[in-house]
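**Q** This is the structure, below, for whatever I ask next.
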Amino acid sequence: MADQQNFKVTIDNITIEVPAGTTILNAARQIGGDVAPPAMCYYTKLQNSGGKCRTCLVEVSKGSEKDPRPMPKLVASCRTTVMDGMEVKNITSAKVTEARAGVDEMLLINHPLDCPICDQAGECDLQDLSFNHGKGGTRYEFDRRTFHKHSLGPNIQLHMTRCILCYRCVFAADQLTQTRQHGILDRGDHSQIATYIEKSLDNDFIGNVIDVCPVGALTDRTFRFKNRVWFTKPVDAHRDCPKCCGEVRLWMRGDEVFRVTARKDEWGEIANASNGKTGWICNECRFEKKNTSDWMIEGTTKVNRQSVIAQNKYVGLMKPPEFLEDVMNGAKPRHMLDIHKVSEVNEPEIRLDLIDGPAHSADFEIADEKRKELEQ
Ligand code: SF4
Ligand code: FES
C-alpha cells in the first residue's frame, strides 16, 4: 500500500502536518484551543454532518503551495479539506470575527432567549457561541418565529422554537436506529423538525438525539426542569449492558441520579467507549437506570472545557496571590474605608469591617446590650 500522503497546513501561524483529506476543522482541532473553530452542526461520528450552520467559517489566505491564490470567500472549515501549503486564518482574521458574530446574530433571530428556564443552559453550544463570538446586542425588531411544543414519546421533548436546523438529530436517527420517524419538513422560515403524525420516537437508541442537539430543542423529559446542570455533579459510571457500550455520565446531586447521558469529548461530541464500542448509549441506560445501585461508579468526571459545569468542581485550585495587603501595609481591603468617618448612621463601636460577611441584626443586638450595660 502506498504511504499515506501528508499535507502541511498553517492555521493562525501554527504549522502542522495532517493526512491528505483532513478537513481544516479537524486540522485545527489537532492544534486545539481557540484555533479550533466552533462547530454547531458538524459531528465527527455522524456521516454527512456539517455545512449547515456556518459557525466554522475561516479565511483561506493561501490556497496551496501550487496555487497560492487566497480563496475569494470565507469557507466552512468542516467541509473544506486542506491542501499542501495552505494557510488559514481563524482567530487571526478580522473578517472571520465579523462573519461569526453575524452568524450568531442570524441564529439568534429565531432562537428564544429563554436560557434562564432552558434545560440546556450551561451546556448549550449556542450560549457558548454567543458568549465567545457574538455581539452584545441585536438589530432584530420583529417577533421571533414560534412553534408549539411537542412531546416525542415519554422521554423526549421537542421545543422546535429553539431548533437551529443543524440536522444532527436527523442524521443520528438515520444512522443509529434505521427507523427514522422524524425529519425536517417545509422550507425557509417554516422549516421544522417534525414527525408527520406526531409519532413518538421509540427506537432503542433514539435518546442519543438529545445528546447531539447543540441547543435545547431536544431535551430529556425525565430531567426537564429538575435541576440546573451546574448544580449537579458529573460522575463517570458503567454497567454491563447487552445493547450498548454501557459507559455513561451520571449527573448527580447527593446520592440522587438526576440524568444519564453519554460521555462527551472536549469538542462536545460523543466520546469513544473504552470497550471498543461506539459511545452511543441505549434508552434503557439513559432513561431507566436512575439508581446508583444500577451502576459501577468510576469517579468524578474531569470537566476539561471552560464551562459553567466546571464551577466549584476544580481540584487543587490555585488562587492568584493577593498583593493588596502587602502594598497597603497590612490593611485588609475591607479595612481601607472606615465608614464611621463619613457616616453616623452606624453604631461607631460596631466594627463592620471586622464582621465576616454582611452584618446581621444580631451584630447590632450585641452592641445594644453593651450600650445598656454602660448606661447602668
Ligand atoms: S432539534 Fe436540535 S439536533 Fe435537531 S436539527 Fe434542531 S438543533 Fe439540530
Ligand atoms: S460546523 Fe461547519 S457549517 Fe456547521
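Quick note on naming: the chains in the C-alpha cells go A, B, ... in the order shown, residues restart at 1 in each chain, and ligands are numbered from 1 in order of appearance.
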Got a sec: who's within 8 Å of A:Ile270, counting only C-alpha atoms, leaving out chain neighbours fewer than 2 positions off, as a count of residues only?

**A** 11

**Q** Can you pull out every residue with an atom within 6 Å of ligand 1? Use only C-alpha atoms and all ligand atoms and format it as a list in words.

**A** Cys163, Ile164, Leu165, Cys166, Tyr167, Arg168, Cys169, Val212, Cys213, Pro214, Val215, Ala217 and Leu218 of chain A

**Q** What would the file look like if the residues just selected were written as a compact mmCIF listing (two decimals), in the first residue's frame with all heavy atoms?

**A**
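This is the output file out_25.txt:
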# COMPACT_ATOMS: atom_id res chain seq x y z
N CYS A 163 -34.82 25.25 17.88
CA CYS A 163 -34.01 24.46 16.93
C CYS A 163 -33.25 25.38 15.98
O CYS A 163 -33.77 26.40 15.51
CB CYS A 163 -34.96 23.56 16.15
SG CYS A 163 -34.16 22.63 14.85
N ILE A 164 -31.99 25.03 15.69
CA ILE A 164 -31.22 25.82 14.71
C ILE A 164 -31.08 25.07 13.39
O ILE A 164 -30.25 25.43 12.55
CB ILE A 164 -29.84 26.21 15.26
CG1 ILE A 164 -29.00 24.97 15.59
CG2 ILE A 164 -29.95 27.13 16.46
CD1 ILE A 164 -27.52 25.23 15.56
N LEU A 165 -31.81 24.00 13.22
CA LEU A 165 -31.85 23.22 11.97
C LEU A 165 -30.45 22.74 11.56
O LEU A 165 -30.03 22.91 10.42
CB LEU A 165 -32.48 24.04 10.85
CG LEU A 165 -33.95 24.40 11.08
CD1 LEU A 165 -34.42 25.43 10.08
CD2 LEU A 165 -34.83 23.16 11.03
N CYS A 166 -29.76 22.15 12.51
CA CYS A 166 -28.41 21.66 12.22
C CYS A 166 -28.42 20.27 11.60
O CYS A 166 -27.40 19.80 11.13
CB CYS A 166 -27.57 21.65 13.50
SG CYS A 166 -28.04 20.33 14.63
N TYR A 167 -29.55 19.58 11.65
CA TYR A 167 -29.72 18.23 11.07
C TYR A 167 -29.04 17.12 11.85
O TYR A 167 -29.07 15.97 11.45
CB TYR A 167 -29.22 18.17 9.61
CG TYR A 167 -30.18 18.72 8.59
CD1 TYR A 167 -30.38 20.08 8.46
CD2 TYR A 167 -30.87 17.87 7.73
CE1 TYR A 167 -31.24 20.60 7.51
CE2 TYR A 167 -31.74 18.38 6.77
CZ TYR A 167 -31.92 19.75 6.66
OH TYR A 167 -32.77 20.25 5.72
N ARG A 168 -28.36 17.45 12.96
CA ARG A 168 -27.65 16.38 13.67
C ARG A 168 -28.61 15.28 14.12
O ARG A 168 -28.31 14.10 14.02
CB ARG A 168 -26.96 16.95 14.91
CG ARG A 168 -25.68 17.66 14.64
CD ARG A 168 -25.11 18.09 15.97
NE ARG A 168 -23.89 18.84 15.86
CZ ARG A 168 -23.26 19.35 16.92
NH1 ARG A 168 -23.77 19.21 18.12
NH2 ARG A 168 -22.15 20.02 16.78
N CYS A 169 -29.78 15.68 14.65
CA CYS A 169 -30.70 14.66 15.17
C CYS A 169 -31.25 13.80 14.04
O CYS A 169 -31.54 12.61 14.24
CB CYS A 169 -31.83 15.30 15.97
SG CYS A 169 -32.85 16.42 15.01
N VAL A 212 -26.89 14.90 20.84
CA VAL A 212 -26.27 15.58 19.69
C VAL A 212 -26.86 16.97 19.46
O VAL A 212 -26.24 17.80 18.79
CB VAL A 212 -26.36 14.76 18.37
CG1 VAL A 212 -25.67 13.42 18.51
CG2 VAL A 212 -27.78 14.59 17.87
N CYS A 213 -28.03 17.23 19.99
CA CYS A 213 -28.67 18.55 19.77
C CYS A 213 -27.81 19.63 20.43
O CYS A 213 -27.57 19.58 21.63
CB CYS A 213 -30.08 18.55 20.34
SG CYS A 213 -30.94 20.08 20.00
N PRO A 214 -27.35 20.61 19.66
CA PRO A 214 -26.44 21.61 20.24
C PRO A 214 -27.16 22.64 21.10
O PRO A 214 -26.52 23.40 21.83
CB PRO A 214 -25.84 22.29 19.00
CG PRO A 214 -26.88 22.14 17.94
CD PRO A 214 -27.59 20.85 18.22
N VAL A 215 -28.47 22.69 21.00
CA VAL A 215 -29.25 23.66 21.77
C VAL A 215 -30.29 22.91 22.61
O VAL A 215 -30.19 21.71 22.77
CB VAL A 215 -29.92 24.70 20.83
CG1 VAL A 215 -28.89 25.58 20.18
CG2 VAL A 215 -30.76 24.00 19.77
N ALA A 217 -33.38 22.24 21.94
CA ALA A 217 -34.57 21.87 21.17
C ALA A 217 -35.03 20.45 21.49
O ALA A 217 -36.22 20.15 21.43
CB ALA A 217 -34.30 22.01 19.68
N LEU A 218 -34.10 19.57 21.80
CA LEU A 218 -34.47 18.21 22.18
C LEU A 218 -33.93 17.96 23.58
O LEU A 218 -32.71 17.97 23.78
CB LEU A 218 -33.88 17.20 21.19
CG LEU A 218 -34.47 17.25 19.78
CD1 LEU A 218 -33.63 16.45 18.80
CD2 LEU A 218 -35.91 16.74 19.76

**Q** Return as a ChimeraX atom specification the residues of protein, DNA or RNA that approach ligand 2 to within 6 Å, with only C-alpha atoms and all ligand atoms taken into account.

**A** /A:39-42,50-56,76-78

**Q** Write the residues you've just listed into a file as an mmCIF file, in the first residue's frame, and include all heavy atoms for each of them.

**A**
data_model
loop_
_atom_site.group_PDB
_atom_site.id
_atom_site.type_symbol
_atom_site.label_atom_id
_atom_site.label_comp_id
_atom_site.auth_asym_id
_atom_site.auth_seq_id
_atom_site.Cartn_x
_atom_site.Cartn_y
_atom_site.Cartn_z
ATOM 1 N N ALA A 39 -18.188 24.664 16.143
ATOM 2 C CA ALA A 39 -18.953 23.875 15.158
ATOM 3 C C ALA A 39 -20.313 23.528 15.750
ATOM 4 O O ALA A 39 -20.380 22.840 16.759
ATOM 5 C CB ALA A 39 -18.186 22.606 14.809
ATOM 6 N N MET A 40 -21.350 24.026 15.150
ATOM 7 C CA MET A 40 -22.697 23.775 15.681
ATOM 8 C C MET A 40 -23.400 22.631 14.965
ATOM 9 O O MET A 40 -24.386 22.107 15.465
ATOM 10 C CB MET A 40 -23.565 25.028 15.519
ATOM 11 C CG MET A 40 -23.065 26.249 16.230
ATOM 12 S SD MET A 40 -23.391 26.223 17.977
ATOM 13 C CE MET A 40 -25.158 26.413 17.991
ATOM 14 N N CYS A 41 -22.974 22.287 13.739
ATOM 15 C CA CYS A 41 -23.697 21.232 13.028
ATOM 16 C C CYS A 41 -22.794 20.050 12.682
ATOM 17 O O CYS A 41 -23.257 18.923 12.582
ATOM 18 C CB CYS A 41 -24.374 21.785 11.775
ATOM 19 S SG CYS A 41 -23.239 22.288 10.479
ATOM 20 N N TYR A 42 -21.506 20.268 12.532
ATOM 21 C CA TYR A 42 -20.589 19.151 12.242
ATOM 22 C C TYR A 42 -20.506 18.245 13.470
ATOM 23 O O TYR A 42 -20.487 18.717 14.610
ATOM 24 C CB TYR A 42 -19.200 19.700 11.899
ATOM 25 C CG TYR A 42 -18.172 18.606 11.779
ATOM 26 C CD1 TYR A 42 -18.122 17.799 10.662
ATOM 27 C CD2 TYR A 42 -17.276 18.353 12.819
ATOM 28 C CE1 TYR A 42 -17.201 16.770 10.560
ATOM 29 C CE2 TYR A 42 -16.354 17.327 12.731
ATOM 30 C CZ TYR A 42 -16.331 16.545 11.603
ATOM 31 O OH TYR A 42 -15.432 15.516 11.521
ATOM 32 N N GLY A 50 -22.410 18.615 8.985
ATOM 33 C CA GLY A 50 -21.601 19.799 8.663
ATOM 34 C C GLY A 50 -22.142 20.532 7.449
ATOM 35 O O GLY A 50 -22.998 20.026 6.715
ATOM 36 N N GLY A 51 -21.659 21.762 7.301
ATOM 37 C CA GLY A 51 -22.044 22.560 6.132
ATOM 38 C C GLY A 51 -23.382 23.265 6.266
ATOM 39 O O GLY A 51 -23.864 23.853 5.311
ATOM 40 N N LYS A 52 -23.996 23.231 7.442
ATOM 41 C CA LYS A 52 -25.322 23.843 7.595
ATOM 42 C C LYS A 52 -25.302 25.181 8.352
ATOM 43 O O LYS A 52 -26.037 26.088 8.011
ATOM 44 C CB LYS A 52 -26.263 22.899 8.372
ATOM 45 C CG LYS A 52 -26.316 21.473 7.864
ATOM 46 C CD LYS A 52 -27.283 21.368 6.700
ATOM 47 C CE LYS A 52 -27.534 19.928 6.316
ATOM 48 N NZ LYS A 52 -26.326 19.210 5.872
ATOM 49 N N CYS A 53 -24.481 25.257 9.400
ATOM 50 C CA CYS A 53 -24.655 26.383 10.315
ATOM 51 C C CYS A 53 -23.742 27.577 10.029
ATOM 52 O O CYS A 53 -24.047 28.686 10.428
ATOM 53 C CB CYS A 53 -24.438 25.920 11.753
ATOM 54 S SG CYS A 53 -22.726 25.504 12.129
ATOM 55 N N ARG A 54 -22.622 27.352 9.386
ATOM 56 C CA ARG A 54 -21.631 28.377 9.022
ATOM 57 C C ARG A 54 -20.914 28.995 10.225
ATOM 58 O O ARG A 54 -20.318 30.067 10.103
ATOM 59 C CB ARG A 54 -22.248 29.533 8.190
ATOM 60 C CG ARG A 54 -23.263 29.169 7.166
ATOM 61 C CD ARG A 54 -22.835 28.103 6.239
ATOM 62 N NE ARG A 54 -21.889 28.494 5.210
ATOM 63 C CZ ARG A 54 -21.392 27.662 4.317
ATOM 64 N NH1 ARG A 54 -21.729 26.382 4.337
ATOM 65 N NH2 ARG A 54 -20.543 28.080 3.410
ATOM 66 N N THR A 55 -20.957 28.372 11.381
ATOM 67 C CA THR A 55 -20.217 28.947 12.511
ATOM 68 C C THR A 55 -18.722 28.668 12.394
ATOM 69 O O THR A 55 -17.916 29.309 13.043
ATOM 70 C CB THR A 55 -20.681 28.388 13.868
ATOM 71 O OG1 THR A 55 -20.648 26.974 13.805
ATOM 72 C CG2 THR A 55 -22.057 28.853 14.216
ATOM 73 N N CYS A 56 -18.362 27.670 11.554
ATOM 74 C CA CYS A 56 -16.958 27.256 11.483
ATOM 75 C C CYS A 56 -16.209 27.965 10.364
ATOM 76 O O CYS A 56 -15.133 27.537 9.982
ATOM 77 C CB CYS A 56 -16.893 25.748 11.288
ATOM 78 S SG CYS A 56 -17.563 25.242 9.696
ATOM 79 N N ALA A 76 -16.465 27.135 4.874
ATOM 80 C CA ALA A 76 -16.859 26.315 6.036
ATOM 81 C C ALA A 76 -15.736 25.312 6.291
ATOM 82 O O ALA A 76 -15.483 24.435 5.463
ATOM 83 C CB ALA A 76 -18.175 25.601 5.745
ATOM 84 N N SER A 77 -15.061 25.451 7.414
ATOM 85 C CA SER A 77 -13.867 24.621 7.662
ATOM 86 C C SER A 77 -14.224 23.148 7.857
ATOM 87 O O SER A 77 -13.385 22.285 7.668
ATOM 88 C CB SER A 77 -13.103 25.144 8.875
ATOM 89 O OG SER A 77 -13.915 25.091 10.025
ATOM 90 N N CYS A 78 -15.480 22.855 8.210
ATOM 91 C CA CYS A 78 -15.861 21.450 8.428
ATOM 92 C C CYS A 78 -16.051 20.717 7.108
ATOM 93 O O CYS A 78 -16.134 19.506 7.060
ATOM 94 C CB CYS A 78 -17.134 21.361 9.265
ATOM 95 S SG CYS A 78 -18.591 21.982 8.432
#

**Q** What separation in Å, quoted to one decimal, exists between atom CA of A:Arg249 and atom CA of A:Pro234?

**A** 6.2 Å

**Q** Pick out the closest residue to A:Glu298 from this set: A:Val248, A:Val82, A:Ile281, A:Val257. Count only C-alpha atoms.

**A**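 Result for the nearest residue to A:Glu298: A:Val248.
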
**Q** Quote the spacing between atom CA of A:Lys290 and atom CA of A:Asn203 in Å to one decimal place.

**A**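 Rounded to one decimal, the two atoms are 19.6 Å apart.
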
**Q** Could you find all residues in stretch 147-306 of chain A that DSSP calls strand (DSSP E or B) from the backbone, and write them as a ChimeraX atom specification?

**A** /A:150-152,156-158,183-185,192-194,218-220,233-238,247-253,256-262,264,270,296-300

**Q** Restricting the calculation to only C-alpha atoms, which member of A:Asp104, A:Glu373, A:Glu349, A:Glu269 is positioned closest to A:Tyr43?

**A** A:Glu269

**Q** Would you tabulate, counting only C-alpha atoms, all residues of stretch 16-117 of chain A that have an atom at most 12 Å from an atom of stretch 174-179 of chain A, showing the closest pair of atoms and their distance in Å to one decimal, sorted by chain then ascending number, as a Markdown table?

**A**
| residue | atom | partner | partner_atom | distance |
| --- | --- | --- | --- | --- |
| A:Lys45 | CA | A:Gln175 | CA | 9.6 |
| A:Leu46 | CA | A:Gln175 | CA | 7.4 |
| A:Gln47 | CA | A:Gln175 | CA | 8.0 |
| A:Asn48 | CA | A:Gln175 | CA | 10.4 |
| A:Ser49 | CA | A:Gln175 | CA | 11.2 |

**Q** Write out as a ChimeraX atom specification each polymer residue whose atoms come within 10 Å of A:Ser130, counting only C-alpha atoms; drop sequence neighbours fewer than 2 positions from it.

**A** /A:100-101,103-105,107-108,125-128,132-136

**Q** Take the residues from that selection and put them in a file with all heavy atoms, as a compact mmCIF listing (two decimals), in the first residue's frame.

**A**
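Ended up saving to part_23.txt:
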# COMPACT_ATOMS: atom_id res chain seq x y z
N ARG A 100 -18.52 35.60 11.98
CA ARG A 100 -19.02 34.69 13.01
C ARG A 100 -20.03 35.40 13.91
O ARG A 100 -21.04 34.82 14.32
CB ARG A 100 -17.85 34.15 13.82
CG ARG A 100 -18.14 32.84 14.48
CD ARG A 100 -16.87 32.18 14.95
NE ARG A 100 -16.22 31.42 13.91
CZ ARG A 100 -14.91 31.17 13.86
NH1 ARG A 100 -14.13 31.63 14.82
NH2 ARG A 100 -14.41 30.47 12.88
N ALA A 101 -19.74 36.67 14.21
CA ALA A 101 -20.71 37.44 15.01
C ALA A 101 -22.01 37.56 14.23
O ALA A 101 -23.11 37.51 14.80
CB ALA A 101 -20.14 38.81 15.33
N VAL A 103 -23.16 35.35 11.99
CA VAL A 103 -23.83 34.05 12.01
C VAL A 103 -24.56 33.87 13.34
O VAL A 103 -25.71 33.42 13.40
CB VAL A 103 -22.81 32.90 11.80
CG1 VAL A 103 -23.45 31.55 12.05
CG2 VAL A 103 -22.24 32.95 10.39
N ASP A 104 -23.89 34.27 14.41
CA ASP A 104 -24.50 34.16 15.73
C ASP A 104 -25.77 35.01 15.81
O ASP A 104 -26.81 34.57 16.30
CB ASP A 104 -23.48 34.60 16.79
CG ASP A 104 -24.06 34.50 18.18
OD1 ASP A 104 -24.30 33.38 18.62
OD2 ASP A 104 -24.26 35.55 18.80
N GLU A 105 -25.68 36.22 15.27
CA GLU A 105 -26.83 37.12 15.28
C GLU A 105 -27.98 36.50 14.48
O GLU A 105 -29.14 36.54 14.87
CB GLU A 105 -26.42 38.47 14.69
CG GLU A 105 -27.44 39.56 14.90
CD GLU A 105 -26.98 40.90 14.35
OE1 GLU A 105 -25.93 40.96 13.68
OE2 GLU A 105 -27.69 41.89 14.58
N LEU A 107 -28.48 33.25 13.88
CA LEU A 107 -29.06 32.11 14.59
C LEU A 107 -30.00 32.59 15.70
O LEU A 107 -31.02 31.97 15.98
CB LEU A 107 -27.96 31.24 15.19
CG LEU A 107 -27.13 30.40 14.21
CD1 LEU A 107 -25.98 29.72 14.92
CD2 LEU A 107 -27.99 29.36 13.51
N LEU A 108 -29.62 33.71 16.31
CA LEU A 108 -30.43 34.19 17.43
C LEU A 108 -31.70 34.91 16.98
O LEU A 108 -32.59 35.18 17.78
CB LEU A 108 -29.60 35.11 18.33
CG LEU A 108 -28.54 34.38 19.16
CD1 LEU A 108 -27.66 35.38 19.88
CD2 LEU A 108 -29.18 33.44 20.16
N ASP A 125 -24.37 24.89 23.07
CA ASP A 125 -23.35 25.39 22.14
C ASP A 125 -23.67 26.80 21.65
O ASP A 125 -22.77 27.58 21.36
CB ASP A 125 -23.23 24.45 20.92
CG ASP A 125 -22.60 23.13 21.31
OD1 ASP A 125 -22.05 23.03 22.42
OD2 ASP A 125 -22.67 22.18 20.51
N LEU A 126 -24.95 27.11 21.56
CA LEU A 126 -25.32 28.45 21.08
C LEU A 126 -25.01 29.51 22.15
O LEU A 126 -24.58 30.62 21.83
CB LEU A 126 -26.80 28.48 20.69
CG LEU A 126 -27.31 29.74 20.00
CD1 LEU A 126 -26.46 30.10 18.79
CD2 LEU A 126 -28.77 29.57 19.58
N GLN A 127 -25.21 29.13 23.40
CA GLN A 127 -24.85 30.03 24.50
C GLN A 127 -23.34 30.30 24.47
O GLN A 127 -22.90 31.44 24.56
CB GLN A 127 -25.19 29.34 25.83
CG GLN A 127 -26.03 30.14 26.76
CD GLN A 127 -26.35 29.37 28.04
OE1 GLN A 127 -25.86 28.28 28.30
NE2 GLN A 127 -27.21 29.95 28.82
N ASP A 128 -22.57 29.23 24.30
CA ASP A 128 -21.11 29.37 24.25
C ASP A 128 -20.70 30.22 23.05
O ASP A 128 -19.82 31.07 23.14
CB ASP A 128 -20.41 28.01 24.15
CG ASP A 128 -20.57 27.20 25.43
OD1 ASP A 128 -20.96 27.79 26.45
OD2 ASP A 128 -20.32 25.98 25.40
N ASN A 132 -18.72 33.69 23.36
CA ASN A 132 -17.35 33.80 22.85
C ASN A 132 -17.23 34.60 21.56
O ASN A 132 -16.20 35.20 21.29
CB ASN A 132 -16.76 32.40 22.60
CG ASN A 132 -16.56 31.64 23.89
OD1 ASN A 132 -16.17 32.22 24.89
ND2 ASN A 132 -16.85 30.35 23.88
N HIS A 133 -18.25 34.57 20.73
CA HIS A 133 -18.11 35.18 19.39
C HIS A 133 -19.23 36.15 19.03
O HIS A 133 -19.21 36.71 17.95
CB HIS A 133 -18.08 34.07 18.33
CG HIS A 133 -17.04 33.03 18.57
ND1 HIS A 133 -15.72 33.21 18.25
CD2 HIS A 133 -17.11 31.80 19.13
CE1 HIS A 133 -15.02 32.13 18.59
NE2 HIS A 133 -15.85 31.26 19.13
N GLY A 134 -20.23 36.29 19.88
CA GLY A 134 -21.40 37.09 19.49
C GLY A 134 -21.23 38.57 19.79
O GLY A 134 -20.22 39.01 20.35
N LYS A 135 -22.25 39.31 19.42
CA LYS A 135 -22.25 40.74 19.72
C LYS A 135 -23.15 40.95 20.94
O LYS A 135 -24.00 40.12 21.23
CB LYS A 135 -22.84 41.51 18.55
CG LYS A 135 -21.91 41.56 17.36
CD LYS A 135 -22.47 42.45 16.28
CE LYS A 135 -21.45 42.62 15.16
NZ LYS A 135 -22.06 42.89 13.87
N GLY A 136 -22.97 42.07 21.59
CA GLY A 136 -23.74 42.31 22.81
C GLY A 136 -25.22 42.52 22.55
O GLY A 136 -26.06 42.19 23.39

**Q** Please determine, counting only C-alpha atoms, which residue among A:Arg239, A:Lys8, A:His159, A:Arg228 has the shortest atom-to-atom distance to A:Ser293.

**A**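 Smallest distance to A:Ser293 is found for A:Arg239.
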
**Q** Leaving out A:Trp295 and any residue of its chain fewer than 6 positions from it, which residues lie within 9 Å of it when counting only C-alpha atoms, given as number ranges by chain?

**A** A: 237-240, 289

**Q** Only all heavy atoms, please: the residues just picked out, written as a PDB file, in the first residue's frame.

**A**
ATOM      1  N   ALA A 237     -19.642   6.404  35.039  1.00  0.00           N
ATOM      2  CA  ALA A 237     -20.074   5.114  35.576  1.00  0.00           C
ATOM      3  C   ALA A 237     -20.316   4.162  34.406  1.00  0.00           C
ATOM      4  O   ALA A 237     -20.446   4.589  33.262  1.00  0.00           O
ATOM      5  CB  ALA A 237     -21.355   5.297  36.382  1.00  0.00           C
ATOM      6  N   HIS A 238     -20.363   2.863  34.702  1.00  0.00           N
ATOM      7  CA  HIS A 238     -20.681   1.905  33.637  1.00  0.00           C
ATOM      8  C   HIS A 238     -21.495   0.750  34.190  1.00  0.00           C
ATOM      9  O   HIS A 238     -21.553   0.534  35.406  1.00  0.00           O
ATOM     10  CB  HIS A 238     -19.400   1.394  32.963  1.00  0.00           C
ATOM     11  CG  HIS A 238     -18.541   0.561  33.875  1.00  0.00           C
ATOM     12  ND1 HIS A 238     -17.504   1.111  34.588  1.00  0.00           N
ATOM     13  CD2 HIS A 238     -18.574  -0.753  34.182  1.00  0.00           C
ATOM     14  CE1 HIS A 238     -16.917   0.161  35.294  1.00  0.00           C
ATOM     15  NE2 HIS A 238     -17.558  -0.997  35.077  1.00  0.00           N
ATOM     16  N   ARG A 239     -22.130   0.028  33.314  1.00  0.00           N
ATOM     17  CA  ARG A 239     -22.844  -1.196  33.669  1.00  0.00           C
ATOM     18  C   ARG A 239     -22.693  -2.175  32.517  1.00  0.00           C
ATOM     19  O   ARG A 239     -22.327  -1.779  31.394  1.00  0.00           O
ATOM     20  CB  ARG A 239     -24.311  -0.920  33.997  1.00  0.00           C
ATOM     21  CG  ARG A 239     -25.157  -0.476  32.847  1.00  0.00           C
ATOM     22  CD  ARG A 239     -26.574  -0.152  33.292  1.00  0.00           C
ATOM     23  NE  ARG A 239     -27.451  -1.311  33.236  1.00  0.00           N
ATOM     24  CZ  ARG A 239     -28.184  -1.664  32.186  1.00  0.00           C
ATOM     25  NH1 ARG A 239     -28.142  -0.946  31.072  1.00  0.00           N
ATOM     26  NH2 ARG A 239     -28.962  -2.714  32.218  1.00  0.00           N
ATOM     27  N   ASP A 240     -22.976  -3.410  32.801  1.00  0.00           N
ATOM     28  CA  ASP A 240     -22.874  -4.430  31.780  1.00  0.00           C
ATOM     29  C   ASP A 240     -24.167  -4.385  30.965  1.00  0.00           C
ATOM     30  O   ASP A 240     -25.171  -4.950  31.368  1.00  0.00           O
ATOM     31  CB  ASP A 240     -22.729  -5.780  32.490  1.00  0.00           C
ATOM     32  CG  ASP A 240     -21.952  -6.736  31.636  1.00  0.00           C
ATOM     33  OD1 ASP A 240     -21.506  -6.310  30.561  1.00  0.00           O
ATOM     34  OD2 ASP A 240     -21.814  -7.906  32.037  1.00  0.00           O
ATOM     35  N   LYS A 289     -32.287   3.672  34.193  1.00  0.00           N
ATOM     36  CA  LYS A 289     -31.339   3.302  35.255  1.00  0.00           C
ATOM     37  C   LYS A 289     -30.977   4.550  36.043  1.00  0.00           C
ATOM     38  O   LYS A 289     -29.948   5.188  35.810  1.00  0.00           O
ATOM     39  CB  LYS A 289     -30.082   2.656  34.638  1.00  0.00           C
ATOM     40  CG  LYS A 289     -30.377   1.405  33.829  1.00  0.00           C
ATOM     41  CD  LYS A 289     -30.865   0.287  34.719  1.00  0.00           C
ATOM     42  CE  LYS A 289     -31.292  -0.916  33.916  1.00  0.00           C
ATOM     43  NZ  LYS A 289     -32.004  -1.910  34.715  1.00  0.00           N
TER      44      LYS A 289
END

**Q** Pick the closest to A:Glu65 from A:Thr10, A:Asn26, A:Thr278, A:Thr97: which is it, counting only C-alpha atoms?

**A**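 The closest residue to A:Glu65 is A:Thr10.
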
**Q** Which one is closest to A:Gln157: A:Phe7, A:Phe223, A:Phe364, A:Trp230? Count only C-alpha atoms.

**A**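 Using only C-alpha atoms, A:Gln157 sits closest to A:Phe223.
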
**Q** Can you tell me, as an NGL selection string, which residues in stretch 35-253 of chain A count as alpha helix (DSSP H) by DSSP?

**A** :A and (94-109 or 125-133 or 168-177 or 208-212)

**Q** What does the distance between atom CA of A:Phe205 and atom CA of A:Gly254 come to in Å, to one decimal place?

**A** 28.2 Å

**Q** Just checking: using only C-alpha atoms, which residue out of A:Ile355, A:Ala36, A:Cys124, A:Ala27 ends up closest to A:Val229?

**A**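 Among A:Ile355, A:Ala36, A:Cys124, A:Ala27, it is A:Cys124 that comes nearest to A:Val229.
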
**Q** Give me the residues within 12 Å of A:Asp189 as an NGL selection string, counting only C-alpha atoms and dropping any in the same chain fewer than 4 places off.

**A** :A and (109-110 or 144-147 or 161 or 163-165 or 184-185)

**Q** Restrict the selected residues to N, CA, C and O atoms and save them as a compact mmCIF listing (two decimals), in the first residue's frame.

**A**
# COMPACT_ATOMS: atom_id res chain seq x y z
N ILE A 109 -31.78 35.23 15.68
CA ILE A 109 -33.01 35.86 15.17
C ILE A 109 -34.20 34.96 15.48
O ILE A 109 -35.27 35.41 15.86
N ASN A 110 -33.97 33.66 15.31
CA ASN A 110 -35.09 32.75 15.51
C ASN A 110 -34.95 31.87 16.75
O ASN A 110 -35.57 30.83 16.85
N ARG A 144 -40.12 36.86 17.06
CA ARG A 144 -39.43 35.64 16.65
C ARG A 144 -40.44 34.61 16.20
O ARG A 144 -41.57 34.59 16.67
N ARG A 145 -39.98 33.71 15.32
CA ARG A 145 -40.81 32.61 14.86
C ARG A 145 -41.06 31.66 16.05
O ARG A 145 -40.15 31.41 16.85
N THR A 146 -42.26 31.17 16.20
CA THR A 146 -42.53 30.24 17.32
C THR A 146 -43.27 29.01 16.81
O THR A 146 -43.96 29.05 15.80
N PHE A 147 -43.12 27.93 17.53
CA PHE A 147 -43.81 26.67 17.21
C PHE A 147 -44.42 26.12 18.50
O PHE A 147 -43.97 26.45 19.60
N THR A 161 -39.05 25.76 18.67
CA THR A 161 -38.70 27.19 18.64
C THR A 161 -37.20 27.39 18.88
O THR A 161 -36.63 28.36 18.41
N CYS A 163 -34.82 25.25 17.88
CA CYS A 163 -34.01 24.46 16.93
C CYS A 163 -33.25 25.38 15.98
O CYS A 163 -33.77 26.40 15.51
N ILE A 164 -31.99 25.03 15.69
CA ILE A 164 -31.22 25.82 14.71
C ILE A 164 -31.08 25.07 13.39
O ILE A 164 -30.25 25.43 12.55
N LEU A 165 -31.81 24.00 13.22
CA LEU A 165 -31.85 23.22 11.97
C LEU A 165 -30.45 22.74 11.56
O LEU A 165 -30.03 22.91 10.42
N ILE A 184 -36.74 17.03 8.72
CA ILE A 184 -37.03 18.46 8.62
C ILE A 184 -38.03 18.66 7.50
O ILE A 184 -37.79 18.28 6.35
N LEU A 185 -39.17 19.20 7.86
CA LEU A 185 -40.23 19.42 6.89
C LEU A 185 -40.31 20.90 6.53
O LEU A 185 -39.94 21.75 7.30

**Q** List the spatial neighbours of A:Val35 as a list in words - criterion: any atom at most 10 Å away, only C-alpha atoms, same-chain residues fewer than 4 positions off excluded.

**A**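 Those residues are Ile11, Asp12, Asn13, Ile14, Leu25, Ala27, Ala28, Arg29, Gln30, Ile31, Lys89, Asn90, Ile91 and Thr92 of chain A.
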